[in-house]
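Containing mmCIF, C-alpha atoms: start-v2.cif.
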```cif
data_data
loop_
_atom_site.label_atom_id
_atom_site.label_comp_id
_atom_site.auth_asym_id
_atom_site.auth_seq_id
_atom_site.Cartn_x
_atom_site.Cartn_y
_atom_site.Cartn_z
CA MET M 8 18.21 -15.15 -11.16
CA ALA M 9 16.19 -18.25 -12.00
CA GLU M 10 13.40 -17.14 -9.67
CA LYS M 11 13.30 -13.68 -11.22
CA ALA M 12 13.12 -15.10 -14.73
CA ALA M 13 10.20 -17.28 -13.75
CA HIS M 14 8.06 -14.23 -13.04
CA MET M 15 9.10 -11.96 -15.90
CA VAL M 16 6.36 -10.88 -18.28
CA GLU M 17 7.23 -12.00 -21.78
CA PRO M 18 6.48 -9.66 -24.71
CA ASP M 19 4.12 -12.15 -26.33
CA ASP M 20 1.93 -12.68 -23.22
CA ILE M 21 -0.86 -10.49 -24.61
CA ALA M 22 -0.81 -12.18 -28.00
CA ARG M 23 -0.83 -15.61 -26.36
CA LEU M 24 -3.89 -14.77 -24.27
CA GLU M 25 -5.72 -13.16 -27.16
CA LYS M 26 -5.08 -16.16 -29.37
CA ALA M 27 -6.28 -18.56 -26.67
CA ALA M 28 -9.42 -16.52 -26.14
CA ASN M 29 -10.33 -15.87 -29.75
CA GLY M 30 -8.94 -18.63 -31.86
CA ASN M 31 -9.09 -17.43 -35.47
CA ASN M 32 -11.86 -14.87 -34.92
CA ALA M 33 -11.32 -11.50 -36.52
CA ASP M 34 -12.93 -9.49 -33.71
CA ALA M 35 -12.07 -5.86 -33.13
CA PRO M 36 -8.97 -5.33 -30.95
CA GLY M 37 -11.08 -4.18 -28.00
CA HIS M 38 -13.09 -7.40 -28.04
CA LYS M 39 -9.92 -9.48 -28.27
CA ARG M 40 -8.48 -7.65 -25.30
CA GLU M 41 -11.63 -8.21 -23.27
CA HIS M 42 -11.64 -11.91 -24.10
CA ALA M 43 -7.96 -12.13 -23.19
CA ILE M 44 -8.59 -10.65 -19.74
CA LEU M 45 -11.56 -12.94 -19.09
CA GLU M 46 -9.56 -15.95 -20.25
CA ALA M 47 -6.75 -15.03 -17.85
CA CYS M 48 -9.34 -14.72 -15.05
CA LYS M 49 -10.82 -18.10 -15.92
CA TRP M 50 -7.43 -19.82 -15.60
CA ARG M 51 -6.31 -17.59 -12.70
CA ASP M 52 -3.33 -16.56 -14.81
CA LEU M 53 -1.87 -13.84 -12.57
CA ARG M 54 1.14 -13.25 -14.78
CA GLY M 55 -1.12 -12.74 -17.77
CA LEU M 56 -3.39 -10.39 -15.81
CA ARG M 57 -0.36 -8.38 -14.76
CA ALA M 58 0.71 -7.96 -18.38
CA LEU M 59 -2.80 -6.93 -19.39
CA ALA M 60 -3.12 -4.50 -16.47
CA GLU M 61 0.03 -2.73 -17.62
CA GLN M 62 -1.38 -2.18 -21.11
CA PRO M 63 -3.20 1.10 -21.96
CA GLY M 64 -6.63 1.15 -20.34
CA GLY M 65 -5.93 -1.73 -17.98
CA PHE M 66 -8.96 -3.98 -17.58
CA LEU M 67 -11.15 -1.63 -19.63
CA THR M 68 -14.48 -1.81 -17.78
CA ASP M 69 -15.86 -2.30 -14.28
CA LYS M 70 -17.68 -5.42 -15.45
CA ILE M 71 -14.32 -7.01 -16.28
CA ARG M 72 -12.78 -5.69 -13.06
CA GLN M 73 -15.44 -7.59 -11.14
CA GLN M 74 -13.83 -10.73 -12.57
CA ALA M 75 -10.18 -9.66 -12.37
CA TRP M 76 -9.78 -7.93 -9.01
CA PRO M 77 -11.00 -10.87 -6.89
CA VAL M 78 -8.61 -13.19 -8.76
CA LEU M 79 -5.68 -10.83 -8.17
CA LEU M 80 -6.56 -10.63 -4.47
CA GLY M 81 -6.62 -14.41 -4.16
CA LEU M 82 -10.36 -14.84 -3.62
CA GLN M 83 -11.45 -18.35 -4.46
CA THR M 84 -14.74 -19.21 -6.16
CA GLY M 85 -17.46 -19.25 -3.54
CA ASN M 86 -15.49 -17.10 -1.08
CA GLY M 87 -17.84 -14.14 -1.45
CA GLY M 88 -20.32 -13.24 1.25
CA THR M 89 -24.00 -12.57 0.90
CA ALA M 90 -25.41 -9.25 -0.20
CA HIS M 91 -27.24 -8.69 3.09
CA ASP M 92 -24.83 -10.33 5.57
CA ALA M 93 -25.31 -8.44 8.84
CA SER M 94 -23.45 -10.85 11.13
CA TRP M 95 -20.75 -8.23 11.72
CA LYS M 96 -23.26 -6.14 13.65
CA GLU M 97 -23.17 -8.73 16.44
CA LEU M 98 -19.38 -8.44 16.79
CA PRO M 99 -17.72 -6.15 19.37
CA ARG M 100 -17.34 -2.52 18.39
CA HIS M 101 -13.95 -1.53 16.93
CA ALA M 102 -12.07 1.27 18.68
CA ASP M 103 -11.81 3.38 15.51
CA GLU M 104 -15.47 3.46 14.50
CA ASP M 105 -16.01 7.09 15.49
CA GLN M 106 -13.21 8.20 13.15
CA VAL M 107 -14.63 5.98 10.42
CA GLN M 108 -17.94 7.80 10.61
CA LEU M 109 -16.28 11.21 10.47
CA ASP M 110 -14.44 10.22 7.30
CA VAL M 111 -17.44 8.53 5.69
CA ASN M 112 -19.38 11.77 6.15
CA ARG M 113 -16.80 13.39 3.85
CA ALA M 114 -16.81 10.61 1.24
CA PHE M 115 -18.00 10.68 -2.39
CA ILE M 116 -16.97 14.29 -2.99
CA TYR M 117 -15.91 13.80 -6.62
CA TYR M 118 -17.80 10.69 -7.72
CA PRO M 119 -20.19 9.09 -8.44
CA ASN M 120 -21.76 11.88 -10.44
CA HIS M 121 -25.41 12.88 -10.76
CA GLN M 122 -26.48 11.39 -7.41
CA THR M 123 -29.30 12.79 -5.34
CA GLU M 124 -28.74 13.55 -1.67
CA SER M 125 -30.73 10.45 -0.78
CA GLN M 126 -28.60 8.29 -3.06
CA LEU M 127 -25.38 9.70 -1.57
CA ASP M 128 -26.67 9.01 1.93
CA GLN M 129 -27.31 5.41 0.90
CA ARG M 130 -23.77 5.15 -0.52
CA LYS M 131 -22.32 6.50 2.70
CA ALA M 132 -24.31 4.00 4.75
CA GLU M 133 -22.99 1.19 2.56
CA LEU M 134 -19.42 2.50 2.86
CA SER M 135 -19.67 2.72 6.64
CA SER M 136 -21.01 -0.83 6.82
CA LEU M 137 -18.22 -2.10 4.56
CA ILE M 138 -15.44 -0.52 6.60
CA VAL M 139 -16.85 -1.38 10.00
CA SER M 140 -17.56 -4.97 8.98
CA VAL M 141 -13.93 -5.41 7.85
CA LEU M 142 -12.61 -3.90 11.09
CA ARG M 143 -14.91 -5.91 13.35
CA HIS M 144 -13.99 -9.14 11.59
CA ASN M 145 -10.30 -8.20 11.85
CA PRO M 146 -10.12 -6.22 15.10
CA TYR M 147 -6.31 -6.21 15.21
CA LEU M 148 -6.22 -3.80 12.22
CA SER M 149 -6.02 -0.08 12.92
CA TYR M 150 -8.03 2.29 10.77
CA PHE M 151 -6.18 5.15 9.07
CA GLN M 152 -7.58 8.31 7.52
CA GLY M 153 -7.77 7.72 3.78
CA TYR M 154 -8.76 4.07 4.12
CA HIS M 155 -12.30 5.16 3.28
CA ASP M 156 -11.02 6.52 -0.05
CA ILE M 157 -9.75 3.07 -0.98
CA CYS M 158 -12.91 1.34 0.20
CA GLN M 159 -15.24 3.61 -1.75
CA VAL M 160 -13.55 2.52 -4.99
CA PHE M 161 -14.17 -1.13 -4.15
CA LEU M 162 -17.74 -0.30 -3.17
CA LEU M 163 -18.44 1.36 -6.52
CA VAL M 164 -16.71 -1.28 -8.67
CA LEU M 165 -17.46 -4.63 -7.02
CA PRO M 166 -20.83 -6.25 -6.35
CA PRO M 167 -21.94 -6.39 -2.69
CA THR M 168 -21.01 -10.05 -2.17
CA LEU M 169 -17.36 -9.45 -3.05
CA ARG M 170 -16.70 -6.17 -1.29
CA ARG M 171 -15.88 -7.28 2.25
CA PRO M 172 -13.83 -10.36 1.26
CA ALA M 173 -11.84 -8.31 -1.25
CA VAL M 174 -11.20 -5.37 1.09
CA SER M 175 -10.33 -7.75 3.94
CA ARG M 176 -7.63 -9.48 1.90
CA LEU M 177 -6.35 -6.17 0.59
CA SER M 178 -6.09 -4.87 4.16
CA ALA M 179 -4.35 -7.85 5.73
CA LEU M 180 -2.08 -8.85 2.87
CA ARG M 181 -1.34 -5.79 0.72
CA ILE M 182 -1.75 -2.57 2.77
CA ARG M 183 -1.17 -4.05 6.23
CA ASP M 184 1.79 -1.69 6.86
CA PHE M 185 -0.65 1.22 6.97
CA MET M 186 -3.00 -0.49 9.44
CA LEU M 187 -0.46 -0.92 12.23
CA PRO M 188 -0.62 1.15 15.45
CA SER M 189 2.24 3.32 14.10
CA LEU M 190 2.96 5.04 10.79
CA THR M 191 6.65 4.12 11.06
CA PRO M 192 6.41 1.33 8.42
CA ALA M 193 4.59 3.69 6.04
CA ILE M 194 7.36 6.27 6.43
CA ALA M 195 9.96 3.54 5.83
CA GLN M 196 8.35 2.85 2.45
CA LEU M 197 8.73 6.50 1.46
CA ARG M 198 12.50 6.29 2.01
CA LEU M 199 12.69 4.09 -1.08
CA ILE M 200 11.68 6.98 -3.35
CA PRO M 201 14.94 8.97 -2.99
CA ASP M 202 16.85 5.71 -3.59
CA ILE M 203 14.98 5.13 -6.85
CA LEU M 204 15.61 8.71 -7.95
CA ARG M 205 19.27 8.50 -7.01
CA ALA M 206 19.69 5.40 -9.17
CA ALA M 207 17.59 6.57 -12.11
CA ASP M 208 18.14 10.35 -12.15
CA PRO M 209 21.07 11.53 -9.97
CA ALA M 210 20.64 15.20 -10.95
CA LEU M 211 16.98 15.22 -9.90
CA TRP M 212 17.81 13.32 -6.72
CA MET M 213 20.41 15.93 -5.82
CA HIS M 214 17.98 18.76 -6.57
CA LEU M 215 15.44 17.22 -4.14
CA SER M 216 17.98 16.12 -1.52
CA SER M 217 16.78 18.74 0.98
CA THR M 218 13.15 17.70 0.59
CA GLU M 219 11.85 14.83 2.70
CA PRO M 220 9.73 12.29 0.77
CA PHE M 221 6.68 12.92 2.96
CA PHE M 222 5.05 14.50 -0.09
CA ALA M 223 4.26 10.96 -1.24
CA LEU M 224 2.46 9.87 1.94
CA SER M 225 -1.09 10.67 0.82
CA GLY M 226 -0.64 8.96 -2.54
CA THR M 227 1.02 5.77 -1.35
CA LEU M 228 -1.10 5.48 1.82
CA THR M 229 -4.40 5.59 -0.06
CA MET M 230 -3.34 3.85 -3.29
CA TYR M 231 -3.78 7.33 -4.82
CA ALA M 232 -7.53 7.19 -4.18
CA HIS M 233 -7.41 10.37 -2.09
CA ASP M 234 -5.72 12.37 -4.84
CA ILE M 235 -7.27 11.09 -8.09
CA THR M 236 -10.67 12.64 -8.57
CA THR M 237 -12.33 10.50 -11.27
CA LEU M 238 -13.57 6.96 -10.80
CA GLY M 239 -12.38 5.90 -14.24
CA GLU M 240 -8.79 6.96 -13.55
CA ILE M 241 -8.51 5.51 -10.05
CA SER M 242 -10.13 2.22 -11.13
CA ARG M 243 -7.67 1.96 -14.01
CA LEU M 244 -4.75 2.60 -11.60
CA PHE M 245 -6.10 0.00 -9.17
CA ASP M 246 -5.89 -2.52 -12.04
CA VAL M 247 -2.11 -2.33 -12.07
CA LEU M 248 -1.64 -1.77 -8.32
CA LEU M 249 -3.57 -4.98 -7.61
CA ALA M 250 -1.81 -6.89 -10.39
CA ARG M 251 1.66 -5.85 -9.22
CA GLU M 252 3.47 -6.28 -5.91
CA PRO M 253 2.71 -3.60 -3.25
CA VAL M 254 6.12 -1.95 -3.65
CA PHE M 255 5.10 -0.94 -7.18
CA SER M 256 3.08 1.92 -5.66
CA VAL M 257 6.36 3.50 -4.53
CA TYR M 258 7.80 3.22 -8.04
CA MET M 259 4.64 4.83 -9.33
CA PHE M 260 5.31 7.91 -7.23
CA ALA M 261 8.94 7.99 -8.35
CA ALA M 262 7.66 8.01 -11.94
CA ILE M 263 5.32 10.88 -11.07
CA VAL M 264 8.24 12.85 -9.62
CA ARG M 265 10.31 12.28 -12.76
CA SER M 266 7.41 13.36 -14.96
CA ARG M 267 7.62 16.80 -13.30
CA ARG M 268 11.36 17.13 -13.81
CA ALA M 269 11.30 20.43 -15.73
CA GLU M 270 8.89 22.06 -13.27
CA LEU M 271 11.00 20.93 -10.32
CA PHE M 272 14.23 22.26 -11.80
CA ASP M 273 12.49 25.61 -12.30
CA THR M 274 12.09 25.75 -8.52
CA PRO M 275 15.26 26.56 -6.54
CA ARG M 276 16.79 23.66 -4.63
CA ASP M 277 17.00 25.78 -1.46
CA GLU M 278 13.20 26.12 -1.32
CA PRO M 279 12.19 22.67 -0.02
CA GLU M 280 8.78 23.94 1.12
CA MET M 281 7.93 24.97 -2.43
CA LEU M 282 9.23 21.69 -3.84
CA HIS M 283 7.17 19.80 -1.28
CA SER M 284 4.08 21.78 -2.25
CA ILE M 285 4.55 20.90 -5.92
CA LEU M 286 5.16 17.22 -5.27
CA SER M 287 2.32 16.76 -2.79
CA LYS M 288 -0.21 17.37 -5.59
CA LEU M 289 -0.58 15.09 -8.59
CA PRO M 290 0.04 16.69 -12.00
CA ARG M 291 -2.87 17.68 -14.22
CA PRO M 292 -3.67 16.27 -16.67
CA LEU M 293 -2.64 12.87 -15.37
CA ASP M 294 -1.35 10.55 -18.10
CA LEU M 295 -1.76 7.31 -16.17
CA ASP M 296 -0.78 4.95 -18.98
CA ALA M 297 2.50 6.81 -19.58
CA LEU M 298 3.24 6.94 -15.85
CA ILE M 299 2.57 3.21 -15.48
CA THR M 300 4.92 2.46 -18.37
CA SER M 301 7.56 4.65 -16.73
CA ALA M 302 7.08 2.97 -13.34
CA VAL M 303 7.44 -0.48 -14.91
CA ALA M 304 10.70 0.61 -16.55
CA LEU M 305 12.00 2.02 -13.25
CA PHE M 306 11.13 -1.20 -11.45
CA GLU M 307 12.88 -3.38 -14.01
CA ALA M 308 16.00 -1.19 -14.11
CA HIS M 309 16.24 -0.65 -10.34
CA PRO M 310 14.49 -3.48 -8.43
CA PRO M 311 13.93 -2.89 -4.71
CA GLU M 312 16.65 -5.31 -3.62
CA ARG M 313 19.22 -2.91 -5.10
CA LEU M 314 17.98 0.07 -3.08
CA ALA M 315 19.88 1.00 0.08
CA SER M 316 16.73 1.57 2.16
CA TRP M 317 15.35 -1.87 1.27
CA ARG M 318 17.53 -3.29 4.07
CA THR M 319 15.62 -1.20 6.60
CA ILE M 320 12.24 -2.61 5.54
CA SER M 321 10.91 -5.19 7.98
CA ARG M 322 10.84 -8.78 6.78
CA ALA M 323 7.20 -8.83 7.94
CA SER M 324 6.32 -5.77 5.83
CA VAL M 325 3.95 -6.30 2.92
CA LEU M 326 6.75 -5.04 0.67
CA LYS M 327 8.60 -8.28 1.43
CA THR M 328 5.87 -10.77 2.35
CA ALA M 329 4.05 -9.81 -0.88
CA ARG M 330 7.18 -9.27 -2.96
CA ASP M 331 5.81 -11.99 -5.24
CA ALA M 332 2.23 -11.12 -6.19
CA GLU M 333 1.40 -14.76 -6.95
CA ALA M 334 2.62 -15.86 -3.52
CA CYS M 335 0.59 -13.05 -1.94
CA ALA M 336 -2.58 -14.24 -3.67
CA ALA M 337 -2.03 -17.66 -2.10
CA GLN M 338 -1.64 -16.31 1.44
CA THR M 339 -4.43 -16.63 3.99
CA MET M 340 -6.00 -14.07 6.29
CA GLU M 341 -4.31 -15.90 9.15
CA ASP M 342 -0.96 -15.33 7.44
CA GLY M 343 -1.75 -11.62 7.41
CA ARG M 344 -2.55 -11.63 11.13
CA VAL M 345 0.70 -13.44 11.94
CA PHE M 346 2.73 -10.95 9.89
CA PHE M 347 0.88 -8.11 11.62
CA GLU M 348 1.75 -9.40 15.08
CA ARG M 349 5.37 -9.82 14.07
CA GLN M 350 5.48 -6.21 12.88
CA VAL M 351 3.94 -4.99 16.14
CA ARG M 352 6.63 -6.82 18.14
CA GLU M 353 9.30 -5.23 15.97
CA LEU M 354 7.81 -1.78 16.48
CA ARG M 355 7.82 -2.28 20.25
CA TRP M 356 11.44 -3.37 20.13
CA ILE M 357 12.40 -0.30 18.08
CA GLU M 358 10.53 1.98 20.49
CA THR M 359 12.31 0.46 23.49
CA ARG M 360 15.69 0.59 21.77
CA ASP M 361 15.22 4.26 20.93
CA LYS M 362 14.27 5.07 24.52
CA ILE M 363 17.45 3.39 25.71
CA ARG M 364 19.55 5.33 23.25
CA GLU M 365 17.90 8.57 24.28
CA GLY M 366 18.65 7.78 27.92
CA LEU M 367 22.26 7.00 27.13
CA TRP M 368 22.62 10.33 25.32
CA ARG M 369 21.02 12.30 28.15
CA TYR M 370 23.10 10.65 30.83
CA ARG M 371 26.68 10.49 29.68
CA ARG M 372 28.77 10.34 32.88
CA PRO M 373 31.41 7.63 32.30
CA ALA M 374 30.58 5.04 34.98
CA ARG M 375 26.82 5.13 34.41
CA ALA M 376 27.31 5.31 30.65
CA VAL M 377 29.39 2.13 30.66
CA GLY M 378 26.78 0.40 32.80
CA LEU M 379 23.98 1.55 30.50
CA ALA M 380 25.92 0.40 27.45
CA VAL M 381 26.14 -3.07 28.99
CA LEU M 382 22.43 -2.91 29.80
CA ILE M 383 21.65 -2.08 26.17
CA GLY M 384 23.47 -5.20 25.03
CA VAL M 385 21.59 -7.37 27.49
CA VAL M 386 18.27 -5.78 26.59
CA ALA M 387 18.88 -6.33 22.88
CA VAL M 388 19.32 -10.05 23.45
CA LEU M 389 16.30 -10.29 25.75
CA LEU M 390 14.00 -8.43 23.40
CA ARG M 391 14.96 -10.49 20.39
CA ARG M 392 14.34 -13.68 22.34
CA SER M 393 11.14 -12.47 23.98
CA PRO M 394 9.68 -9.23 22.54
CA GLY M 395 6.79 -9.40 24.99
CA ILE M 396 8.93 -8.13 27.88
CA SER M 397 9.39 -4.70 26.27
CA ALA M 398 7.17 -2.95 28.86
CA TYR M 399 9.19 -4.39 31.75
CA VAL M 400 12.46 -3.42 30.08
CA SER M 401 11.23 0.13 29.47
CA SER M 402 10.45 0.58 33.18
CA LEU M 403 13.84 -0.88 34.12
CA VAL M 404 15.63 1.54 31.80
CA ALA M 405 13.58 4.45 33.13
CA ARG M 406 14.72 3.67 36.70
CA TRP M 407 18.33 3.34 35.57
CA ILE M 408 18.54 6.73 33.83
CA ARG M 409 16.81 8.80 36.53
#
```

Could you write out this structure as structure tokens?
Amino acid sequence: MAEKAAHMVEPDDIARLEKAANGNNADAPGHKREHAILEACKWRDLRGLRALAEQPGGFLTDKIRQQAWPVLLGLQTGNGGTAHDASWKELPRHADEDQVQLDVNRAFIYYPNHQTESQLDQRKAELSSLIVSVLRHNPYLSYFQGYHDICQVFLLVLPPTLRRPAVSRLSALRIRDFMLPSLTPAIAQLRLIPDILRAADPALWMHLSSTEPFFALSGTLTMYAHDITTLGEISRLFDVLLAREPVFSVYMFAAIVRSRRAELFDTPRDEPEMLHSILSKLPRPLDLDALITSAVALFEAHPPERLASWRTISRASVLKTARDAEACAAQTMEDGRVFFERQVRELRWIETRDKIREGLWRYRRPARAVGLAVLIGVVAVLLRRSPGISAYVSSLVARWIR
């Protein structure tokens, strides 16, 4: 409880920051708010920035975001690159670069506005360079479709020197679960949404109980950048997503679901396809400030540790390694790589375990079943002690169940 209290946002945080920034000046509220954000950036006050990000309008302008986002991501002064750093071009090609180019070709559909074809081509070239440079510098990361949607927001908001360092830290420390060789960890995050609804709104949870939470995959996977079609709205949402812990994105979708309560109850419970169709699209108009307030309330009333599916989340998942946003900002890129490798080992173990279980189910004659049950116990111990032998174990199991 003491640790939780240490990170709670007090009601007077905004007033404290505004007073520190303005003294006795009688500036307009907007100017006071701007000064408060910049003061929090100056002192790297992450708790203060979180409180300000949750307020209507978030960080207000892209100019302020250029100060705030790097602080929230843990970039230190002087950690930016150079505007024309081309060293990544000398690095080995990443396996996913062809898919990157296909997605970049489809980028910038909704914004920026009033661009000529030549200007859009230049933007796409910059976006391709940004993504490929991050992947080549961090070759263990796997690209996923929708990553380009996230990166284009950073490209349009941040200056060139901050883009790659910021996106690199975001990738390794905050959205790492989506850059693994499997989407299993991303699906595991979605399982938290029904738990939140069950705790906060049992009637709505029951109404949606036949609908899998895959409707939230696009939103959570891309930090909503694939689904929100204006730069102002997605930048404002990024303010709070970067200021909060990564699991907050899941609460955000739970808040979106609850905001559509009446519409959902108008749709019969025994039509899960129709319910999925409704939930897979964000509501219009999108009242982001109200949804953020609702998500904050959900988080405070039903923290992730109280959700049943939280136990199934890997200890190496960003949901747990970045459970404290301040601790996440202090992590290094090497920390992210270590967590990534741990998650990969766990995924291999799960894959091998599931193959064994499938074999046991297919081959159920008593004598062999008993022998296979013993083998499963031995394999479990071996894999936990040395996950690297999973390939050998898989071949052994395959021979056993033939």

Item to check | Resolved residues for the PyMOL selection byres ((chain M and resi 178-189) around 7) as an MDAnalysis selection string | outcome: chainID M and resid 148:151 174:177 190:193 228 253 324:325 329 335 340 343:344

Item to check | Pick from M:Leu314, M:Asn112, M:Val78, M:Glu240 nearest to Trp50 (chain M), counting all atoms listed in the file | outcome: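 Nearest to Trp50 (chain M): M:Val78.
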
Item to check | the PyMOL selection byres ((chain M and resi 295-299) around 7) applied to the shown file, residues as a PyMOL selection string | outcome: chain M and resi 61+63+259+262-263+293-294+300-303

Next on the checklist: For this structure, which residues satisfy the selection - the PyMOL selection byres ((chain M and resi 199-205) around 12) - when it is evaluated on the file as given? I want them as a VMD selection string.
Outcome noted: chain M and resid 192 to 198 206 to 224 227 254 to 266 268 302 304 to 320 326

Checklist entry - Do you know which residues are at most 12 Å from Gln129 (chain M) counting all atoms listed in the file, after dropping those on the same chain fewer than 5 positions away, and could you put them as a PyMOL selection string? => result chain M and resi 111-112+114-115+122-124+134-136+162

Enclose the full set of atoms of region 274-287 of chain M listed in the file within a box whose edges lie along x, y and z, apply 8 Å of padding to each of the six sides, and report centre and edge lengths in Å to one decimal as AutoDock Vina command-line options.
```
--center_x 9.7 --center_y 21.7 --center_z -3.7 --size_x 30.7 --size_y 25.8 --size_z 25.6
```

Neighbourhood query: residues within 12 Å of (-17.4, -9.9, -18.4), file coordinates, counting only C-alpha atoms; return as a PDB file with C-alpha atoms, in the coordinates of the input.
```pdb
ATOM      1  CA  HIS M  38     -13.090  -7.400 -28.040  1.00  0.00           C
ATOM      2  CA  ARG M  40      -8.480  -7.650 -25.300  1.00  0.00           C
ATOM      3  CA  GLU M  41     -11.630  -8.210 -23.270  1.00  0.00           C
ATOM      4  CA  HIS M  42     -11.640 -11.910 -24.100  1.00  0.00           C
ATOM      5  CA  ALA M  43      -7.960 -12.130 -23.190  1.00  0.00           C
ATOM      6  CA  ILE M  44      -8.590 -10.650 -19.740  1.00  0.00           C
ATOM      7  CA  LEU M  45     -11.560 -12.940 -19.090  1.00  0.00           C
ATOM      8  CA  GLU M  46      -9.560 -15.950 -20.250  1.00  0.00           C
ATOM      9  CA  ALA M  47      -6.750 -15.030 -17.850  1.00  0.00           C
ATOM     10  CA  CYS M  48      -9.340 -14.720 -15.050  1.00  0.00           C
ATOM     11  CA  LYS M  49     -10.820 -18.100 -15.920  1.00  0.00           C
ATOM     12  CA  PHE M  66      -8.960  -3.980 -17.580  1.00  0.00           C
ATOM     13  CA  LEU M  67     -11.150  -1.630 -19.630  1.00  0.00           C
ATOM     14  CA  THR M  68     -14.480  -1.810 -17.780  1.00  0.00           C
ATOM     15  CA  ASP M  69     -15.860  -2.300 -14.280  1.00  0.00           C
ATOM     16  CA  LYS M  70     -17.680  -5.420 -15.450  1.00  0.00           C
ATOM     17  CA  ILE M  71     -14.320  -7.010 -16.280  1.00  0.00           C
ATOM     18  CA  ARG M  72     -12.780  -5.690 -13.060  1.00  0.00           C
ATOM     19  CA  GLN M  73     -15.440  -7.590 -11.140  1.00  0.00           C
ATOM     20  CA  GLN M  74     -13.830 -10.730 -12.570  1.00  0.00           C
ATOM     21  CA  ALA M  75     -10.180  -9.660 -12.370  1.00  0.00           C
TER      22      ALA M  75
END
```

Checklist entry - Between CA of Arg322 (chain M) and CA of Arg364 (chain M), what is the distance, to one decimal in Å? => result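 About the pair CA of Arg322 (chain M) and CA of Arg364 (chain M): they are 23.4 Å apart.
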
Mind checking which residues fall within 10 Å of Leu82 (chain M), counting only C-alpha atoms, ignoring those fewer than 4 positions away in the same chain, and posting them as a compact mmCIF listing (two decimals) with C-alpha atoms, in the coordinates of the input?
```
# COMPACT_ATOMS: atom_id res chain seq x y z
CA TRP M 76 -9.78 -7.93 -9.01
CA PRO M 77 -11.00 -10.87 -6.89
CA VAL M 78 -8.61 -13.19 -8.76
CA ASN M 86 -15.49 -17.10 -1.08
CA GLY M 87 -17.84 -14.14 -1.45
CA LEU M 169 -17.36 -9.45 -3.05
CA PRO M 172 -13.83 -10.36 1.26
CA ALA M 173 -11.84 -8.31 -1.25
CA ARG M 176 -7.63 -9.48 1.90
CA ALA M 336 -2.58 -14.24 -3.67
CA ALA M 337 -2.03 -17.66 -2.10
CA THR M 339 -4.43 -16.63 3.99
```

Next on the checklist: To one decimal place in Å, what is the distance between CA of His101 (chain M) and CA of Ile157 (chain M)?
Outcome noted: 19.0 Å

Checklist entry - Please, what distance in Å, to one decimal, runs between CA of Asn120 (chain M) and CA of Ala132 (chain M)? => result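 Between these atoms lies a distance of 17.3 Å.
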
Checklist entry - Which residue, M:Leu56, M:Leu80, M:Leu282, M:Leu163, has the smallest gap to Leu127 (chain M) when you use all atoms listed in the file? => result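 Counting all atoms listed in the file, the residue closest to Leu127 (chain M) is M:Leu163.
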
Next on the checklist: Under the rule that only C-alpha atoms are counted, which of M:Met281, M:Val247, M:Val164, M:Leu98 is the nearest residue to Leu59 (chain M)?
Outcome noted: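 Nearest to Leu59 (chain M): M:Val247.
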
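Candidate residues M:Ala323, M:Ile285, M:Leu137, M:Ile241 were compared for distance to Ala93 (chain M), and the nearest is M:Leu137, using only C-alpha atoms.
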
Next on the checklist: Let me make sure I understand: among M:His144, M:Asp105, M:His155, M:Tyr231, which one has the smallest atom-to-atom distance to Arg243 (chain M) if we use only C-alpha atoms?
Outcome noted: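 Among M:His144, M:Asp105, M:His155, M:Tyr231, it is M:Tyr231 that comes nearest to Arg243 (chain M).
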
Please, can region 327-336 of chain M be completed to N, CA and C atoms and returned as an mmCIF file, keeping the file's coordinate frame?
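Written output follows (selection-v6.cif):
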```
data_model
loop_
_atom_site.group_PDB
_atom_site.id
_atom_site.type_symbol
_atom_site.label_atom_id
_atom_site.label_comp_id
_atom_site.auth_asym_id
_atom_site.auth_seq_id
_atom_site.Cartn_x
_atom_site.Cartn_y
_atom_site.Cartn_z
ATOM 1 N N LYS M 327 7.801 -7.056 1.541
ATOM 2 C CA LYS M 327 8.600 -8.280 1.430
ATOM 3 C C LYS M 327 7.737 -9.541 1.474
ATOM 4 N N THR M 328 6.709 -9.570 2.303
ATOM 5 C CA THR M 328 5.870 -10.770 2.350
ATOM 6 C C THR M 328 5.032 -10.910 1.088
ATOM 7 N N ALA M 329 4.795 -9.779 0.393
ATOM 8 C CA ALA M 329 4.050 -9.810 -0.880
ATOM 9 C C ALA M 329 4.951 -9.391 -2.029
ATOM 10 N N ARG M 330 6.245 -9.633 -1.882
ATOM 11 C CA ARG M 330 7.180 -9.270 -2.960
ATOM 12 C C ARG M 330 6.835 -10.005 -4.246
ATOM 13 N N ASP M 331 6.308 -11.211 -4.111
ATOM 14 C CA ASP M 331 5.810 -11.990 -5.240
ATOM 15 C C ASP M 331 4.286 -11.934 -5.200
ATOM 16 N N ALA M 332 3.682 -11.300 -6.198
ATOM 17 C CA ALA M 332 2.230 -11.120 -6.190
ATOM 18 C C ALA M 332 1.486 -12.449 -6.222
ATOM 19 N N GLU M 333 2.049 -13.446 -6.895
ATOM 20 C CA GLU M 333 1.400 -14.760 -6.950
ATOM 21 C C GLU M 333 1.420 -15.413 -5.577
ATOM 22 N N ALA M 334 2.541 -15.299 -4.869
ATOM 23 C CA ALA M 334 2.620 -15.860 -3.520
ATOM 24 C C ALA M 334 1.651 -15.145 -2.589
ATOM 25 N N CYS M 335 1.523 -13.834 -2.758
ATOM 26 C CA CYS M 335 0.590 -13.050 -1.940
ATOM 27 C C CYS M 335 -0.841 -13.519 -2.144
ATOM 28 N N ALA M 336 -1.215 -13.787 -3.378
ATOM 29 C CA ALA M 336 -2.580 -14.240 -3.670
ATOM 30 C C ALA M 336 -2.887 -15.579 -3.014
#
```
